[in-house]
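upload_35.txt (compact mmCIF, C-alpha atoms)
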# COMPACT_ATOMS: atom_id res chain seq x y z
CA MET A 1 5.34 29.01 -40.64
CA LYS A 2 3.36 29.22 -37.43
CA GLN A 3 5.45 29.27 -34.25
CA ARG A 4 4.41 27.17 -31.28
CA LYS A 5 4.23 28.72 -27.87
CA PRO A 6 6.48 27.06 -25.30
CA LEU A 7 4.71 25.11 -22.58
CA SER A 8 4.77 26.59 -19.12
CA ILE A 9 6.41 24.65 -16.33
CA ALA A 10 3.03 24.29 -14.61
CA ALA A 11 1.53 22.72 -17.75
CA VAL A 12 4.41 20.25 -17.98
CA ILE A 13 4.08 19.27 -14.32
CA LEU A 14 0.30 18.85 -14.66
CA ALA A 15 0.75 16.64 -17.72
CA LEU A 16 3.33 14.49 -15.92
CA LEU A 17 1.03 14.08 -12.93
CA LEU A 18 -1.87 13.06 -15.13
CA PHE A 19 0.21 10.47 -16.96
CA THR A 20 1.91 9.00 -13.89
CA ALA A 21 -0.79 9.30 -11.21
CA CYS A 22 -3.52 7.35 -12.98
CA ASN A 23 -3.22 3.60 -12.81
CA PRO A 24 -6.09 2.05 -14.78
CA ASN A 25 -5.46 -1.29 -13.05
CA ARG A 26 -5.81 0.15 -9.54
CA VAL A 27 -8.83 -1.49 -7.89
CA PHE A 28 -8.38 -0.06 -4.40
CA GLU A 29 -6.13 2.39 -2.59
CA GLU A 30 -6.85 3.67 0.89
CA TYR A 31 -4.77 4.91 3.81
CA HIS A 32 -5.27 5.10 7.55
CA SER A 33 -3.64 8.20 9.01
CA ASP A 34 -5.18 8.49 12.47
CA PHE A 35 -2.04 7.63 14.43
CA THR A 36 -1.88 9.80 17.55
CA GLN A 37 1.61 11.32 17.83
CA ASN A 38 2.67 9.11 14.87
CA ARG A 39 2.41 6.00 17.07
CA TRP A 40 0.79 2.80 15.87
CA HIS A 41 -0.38 1.09 19.07
CA GLU A 42 -0.46 -2.71 19.09
CA ASP A 43 -4.10 -2.75 20.23
CA GLU A 44 -5.28 -0.39 17.44
CA PRO A 45 -5.60 -2.29 14.17
CA VAL A 46 -6.23 -0.51 10.89
CA ASN A 47 -9.34 -1.62 9.01
CA PHE A 48 -10.15 -1.56 5.32
CA THR A 49 -13.24 -2.74 3.48
CA VAL A 50 -12.76 -3.47 -0.21
CA HIS A 51 -15.70 -4.06 -2.52
CA ILE A 52 -14.75 -6.66 -5.15
CA GLU A 53 -16.92 -7.82 -8.04
CA ASP A 54 -14.23 -9.36 -10.28
CA THR A 55 -13.72 -13.01 -9.29
CA VAL A 56 -11.83 -13.94 -12.47
CA SER A 57 -8.82 -11.58 -12.66
CA GLU A 58 -5.62 -11.93 -10.68
CA HIS A 59 -4.49 -9.10 -8.42
CA LYS A 60 -1.44 -7.79 -6.56
CA LEU A 61 -1.91 -6.91 -2.89
CA TYR A 62 0.38 -4.23 -1.46
CA VAL A 63 0.65 -2.45 1.85
CA ALA A 64 1.91 1.11 2.00
CA LEU A 65 3.77 2.73 4.87
CA ARG A 66 4.46 6.44 5.29
CA HIS A 67 6.94 6.99 8.08
CA VAL A 68 9.05 9.75 9.53
CA TYR A 69 12.72 9.74 8.59
CA GLY A 70 14.25 8.24 11.71
CA TYR A 71 12.10 5.10 11.84
CA GLN A 72 14.52 2.90 13.74
CA PHE A 73 13.51 -0.67 12.89
CA GLU A 74 14.89 -2.68 9.98
CA THR A 75 11.60 -4.55 9.63
CA MET A 76 8.00 -4.09 10.70
CA LYS A 77 6.08 -7.17 11.71
CA ILE A 78 2.39 -7.14 10.89
CA TYR A 79 -0.36 -9.64 10.64
CA VAL A 80 -3.29 -9.33 8.31
CA ASP A 81 -6.71 -10.83 8.94
CA VAL A 82 -8.76 -11.14 5.74
CA THR A 83 -12.47 -11.93 5.94
CA THR A 84 -14.41 -12.93 2.83
CA PRO A 85 -17.93 -11.65 2.12
CA SER A 86 -19.29 -15.01 3.37
CA GLY A 87 -17.42 -14.66 6.69
CA LYS A 88 -14.44 -17.00 6.23
CA SER A 89 -11.33 -15.57 7.84
CA VAL A 90 -7.61 -16.16 7.31
CA THR A 91 -4.76 -14.54 9.25
CA LYS A 92 -1.19 -14.36 8.02
CA GLY A 93 1.94 -12.67 9.38
CA TYR A 94 4.45 -10.65 7.36
CA ASP A 95 7.82 -9.02 7.96
CA LEU A 96 7.97 -5.77 6.02
CA GLN A 97 11.56 -4.90 5.09
CA ILE A 98 12.03 -1.20 5.87
CA MET A 99 15.83 -1.02 5.60
CA GLY A 100 18.34 -2.86 3.49
CA GLY A 101 21.29 -4.72 5.00
CA ASP A 102 23.31 -1.50 4.75
CA GLY A 103 20.94 0.31 7.15
CA LYS A 104 19.53 2.55 4.41
CA TYR A 105 15.81 2.94 3.91
CA LEU A 106 14.12 1.06 1.09
CA SER A 107 11.53 3.84 1.23
CA ASP A 108 11.43 6.84 -1.06
CA CYS A 109 12.19 9.79 1.20
CA ALA A 110 11.58 13.47 0.53
CA GLY A 111 12.85 15.46 3.45
CA ASP A 112 11.57 13.91 6.67
CA ILE A 113 8.74 11.92 5.07
CA CYS A 114 9.34 8.46 3.60
CA ASP A 115 6.98 6.24 1.57
CA LEU A 116 7.26 2.52 1.02
CA GLU A 117 5.02 0.09 -0.87
CA VAL A 118 5.54 -3.62 -0.19
CA LEU A 119 4.05 -6.40 -2.30
CA LEU A 120 2.41 -8.84 0.14
CA GLU A 121 0.70 -11.26 -2.21
CA ASP A 122 0.95 -11.79 -5.93
CA HIS A 123 -1.61 -13.43 -8.26
CA VAL A 124 -4.45 -13.10 -5.75
CA ARG A 125 -7.86 -14.16 -6.99
CA PHE A 126 -10.86 -12.97 -4.98
CA VAL A 127 -13.17 -15.99 -5.09
CA GLU A 128 -16.34 -14.23 -3.90
CA PRO A 129 -17.91 -10.96 -4.96
CA GLY A 130 -18.76 -8.50 -2.21
CA ASP A 131 -17.08 -6.70 0.68
CA TRP A 132 -13.71 -8.11 1.75
CA LYS A 133 -12.44 -6.94 5.14
CA PHE A 134 -8.74 -6.42 5.89
CA VAL A 135 -7.72 -5.88 9.52
CA ILE A 136 -4.02 -5.17 9.99
CA PHE A 137 -2.18 -5.24 13.31
CA CYS A 138 1.39 -4.24 14.06
CA ASP A 139 3.16 -7.04 15.94
CA MET A 140 6.41 -5.57 17.19
CA ASP A 141 6.62 -6.84 20.80
CA ARG A 142 6.18 -3.32 22.15
CA PRO A 143 3.17 -1.19 23.10
CA TYR A 144 3.48 0.97 19.97
CA VAL A 145 5.62 1.57 16.90
CA PRO A 146 6.83 5.18 16.67
CA ASN A 147 7.20 7.36 13.57
CA VAL A 148 4.27 5.87 11.63
CA MET A 149 2.26 8.50 9.76
CA GLU A 150 0.06 6.38 7.44
CA PHE A 151 -0.57 2.76 6.61
CA GLY A 152 -2.55 1.66 3.60
CA VAL A 153 -3.73 -1.12 1.34
CA ILE A 154 -3.37 -1.07 -2.43
CA ILE A 155 -4.86 -3.62 -4.82
CA ASP A 156 -3.95 -3.67 -8.51
CA LYS A 157 -5.50 -5.93 -11.13
CA TYR A 158 -3.19 -7.56 -13.61
CA PRO A 159 -3.75 -6.14 -17.09
CA ALA A 160 -5.71 -8.44 -19.41
CA ASP A 161 -2.62 -8.93 -21.61
CA ALA A 162 -0.38 -9.88 -18.66
CA GLU A 163 -1.05 -13.61 -19.05
CA HIS A 164 1.79 -13.99 -21.56
CA LEU A 165 4.27 -12.35 -19.14
CA ASN A 166 4.13 -15.12 -16.53

Using C-alpha cells, write down the structure from this file.
Amino acid sequence: MKQRKPLSIAAVILALLLFTACNPNRVFEEYHSDFTQNRWHEDEPVNFTVHIEDTVSEHKLYVALRHVYGYQFETMKIYVDVTTPSGKSVTKGYDLQIMGGDGKYLSDCAGDICDLEVLLEDHVRFVEPGDWKFVIFCDMDRPYVPNVMEFGVIIDKYPADAEHLN
C-alpha cells in the first residue's frame, strides 16, 4: 500500500485561501486608501467607477470600511451619489452601524486593524449598461473622521439559482 505524504501547513493555507478568497459572483471590489493621517475629510469624497454590462441580474451593494481599533463613533453617516451611464443621478444617505449597543465593534478586528462590510442595497438591478459612478461622502458634522484607513465598494451578483431562495 502506497503511503501518502502529509500536506505542509503552507499548502493547507494556500488551499484555504484559494477556496475562500474567490467569489465567482463578485462583480466589483475596489478600495480607496489615500486618507492622509487616517482622516477622511468631509470635503474629500471617494470615487468609484464600475463598468456594468449585465442589466438583467440582481446585485448586492456593499460598502467596506477598514478602520483603526479605537474608532470612537457608534455609526458613520455617509451619503452616496450614484450616476448612471446616461447621466441620471440619485443621492441617498446611510448610517453605517460600526458598534453594537454594547459598545463592541461589529467589525472583524485583528490587532489594531478592523474590517467591516455593510450591505447598503439588496436586489439592485443596473438598468443601463456602461460606467456607473459612485461618489461617497462622509457626513459626520465635523471636518474629518479619524481612524479611517480604507473605504470601498463591493458589488456581488446573485447566483443564477438564487431566485428560489427569495

When distances are computed from all atoms listed in the file, which of A:Asp156, A:Val27, A:Tyr79, A:Ala64 shows the smallest separation from A:Asp122? A:Asp156

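Interatomic distance, atom CA of A:Arg26 against atom CA of A:Phe134: 17.0 Å.
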
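Among the candidates A:Arg142, A:Lys92, A:Lys104, A:Lys77, the one nearest to A:Asp43 when counting only C-alpha atoms is A:Arg142.
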
Write out as a ChimeraX atom specification each polymer residue whose atoms come within 6 Å of A:His41, counting all atoms listed in the file; drop sequence neighbours fewer than 3 positions from it. /A:44,143-144

How would the residues just picked look written out with C-alpha atoms as a JSON list (two decimals), in the coordinates of the input?
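The resulting file, part_39.json, is reproduced below:
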[["chain", "number", "residue", "atom", "x", "y", "z"],
["A", 44, "GLU", "CA", -5.28, -0.39, 17.44],
["A", 143, "PRO", "CA", 3.17, -1.19, 23.10],
["A", 144, "TYR", "CA", 3.48, 0.97, 19.97]]

So what do you get for atom CA of A:Gly93 versus atom CA of A:Val80, distance-wise? 6.3 Å

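Distance-wise, atom CA of A:Asp115 and atom CA of A:Asn38 end up 14.3 Å apart.
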
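Of the residues under consideration (A:Thr84, A:Pro129, A:Glu42, A:Gly152), A:Gly152 shows the shortest atom-to-atom contact distance to A:Tyr62 when counting only C-alpha atoms.
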
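Distances here use only C-alpha atoms; by that measure, the residue among A:Val127, A:Val145, A:Val50, A:Val90 closest to A:Thr75 is A:Val145.
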
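The set of protein, DNA and RNA residues with any counted atom at most 12 Å from (10.0, -4.6, 12.3) (all atoms listed in the file) reads Tyr71, Gln72, Phe73, Glu74, Thr75, Met76, Lys77, Ile78, Tyr79, Gly93, Tyr94, Asp95, Leu96, Gln97, Ile98, Met99, Cys138, Asp139, Met140, Asp141, Arg142, Tyr144, Val145, Pro146 and Val148 of chain A.
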
Might you pull out every residue within 9 Å of A:Ile155, with only C-alpha atoms counted and same-chain residues fewer than 5 positions away left off, and present them as a list in words? Asn25, Arg26, Val27, Phe28, Glu29, His59, Lys60, Leu61, Tyr62 and Val63 of chain A

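The residue that comes closest to A:Asp54, out of A:Tyr105, A:Gly130, A:Val68, A:Leu120 and on the basis of all atoms listed in the file, is A:Gly130.
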
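Using all atoms listed in the file, the shortest contact distance between A:Ser86 and any of A:Pro24, A:Val153, A:His32, A:Asp131 is found at A:Asp131.
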